[in-house]
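*Asks:* Before anything else, here's the structure in question.
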Amino acid sequence: MFKQLLLWTLGTFILLQAIQIDIPKPPKTVDPTKEIQAPKEIMSMLETSCYDCHSYQTKMPWYGHISPMSLEVKSHIKNGRIAVNFQEWGNYDEAKKQKIYKGIAKTINFQMPMPMYLTIHKDAKLTKKQRNQIKVWAESHIKEDEY
């Protein structure tokens, strides 16, 4: 009985490997002039805590290639890049930038980086002070009257 259960589990795991989510490959060249511009300290925090999902500089972990975890990881990266890709910032119109700044100010204190991500990436954890710095920076770019 145990042997059958083990074989079924192993077979299911192997079949799951055929199910993959494709994340778009980064372009061959990324125009550095399109990347978001922010003070050095803010850029450092964004790069450490946000760029894995919100840029082309994703450092795919080993478990990001093994289903079922790969489904979750790649889905987060794909959706993160759709929401904002800091390396494509120069391609966004002002309305989209305003929406992103507002989103950053709203989510930085409780949703980003995602708690699930932080369980494995301890270096991405932001202190309360760092979260506040990012929030103040984002809020300083919001133009309430226009958008």
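Within each chain, counting starts at residue 1; across the structure tokens, chains are named A, B, ... in the order shown, with ligands numbered 1 upward in that order.
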Any idea what's packed within 12 Å of segment 83-93 of chain A, counting only C-alpha atoms, ignoring anything in its chain fewer than 4 positions away? Could you give it as a count of residues only?

*Replies:* 36

*Asks:* Please report, as a PyMOL selection string, each residue of segment 2-83 of chain A to which DSSP assigns alpha helix (DSSP H) when run on this structure's backbone.

*Replies:* chain A and resi 2-16+40-49+51-54+69-83

*Asks:* Using only C-alpha atoms, which residue out of A:Leu10, A:Glu41, A:Ile120, A:Phe110 lies closest to Tyr63 of chain A?

*Replies:*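 Nearest candidate to Tyr63 of chain A out of A:Leu10, A:Glu41, A:Ile120, A:Phe110: A:Ile120.
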
*Asks:* Atom CA of Pro113 of chain A to atom CA of Lys40 of chain A: how many Å, to one decimal?

*Replies:*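 So the answer is 19.3 Å.
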
*Asks:* Could you jot down the atom CA of Ser44 of chain A to atom CA of Glu94 of chain A separation for me, Å, one decimal place?

*Replies:*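 Rounded to one decimal, the two atoms are 23.5 Å apart.
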
*Asks:* Could you jot down the atom CA of Val136 of chain A to atom CA of Met45 of chain A separation for me, Å, one decimal place?

*Replies:* 13.4 Å

*Asks:* Which one is closest to His121 of chain A: A:Ser70, A:Thr9, A:Gln4, A:Ser49? Count only C-alpha atoms.

*Replies:*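 For His121 of chain A, the nearest of the candidates is A:Ser49.
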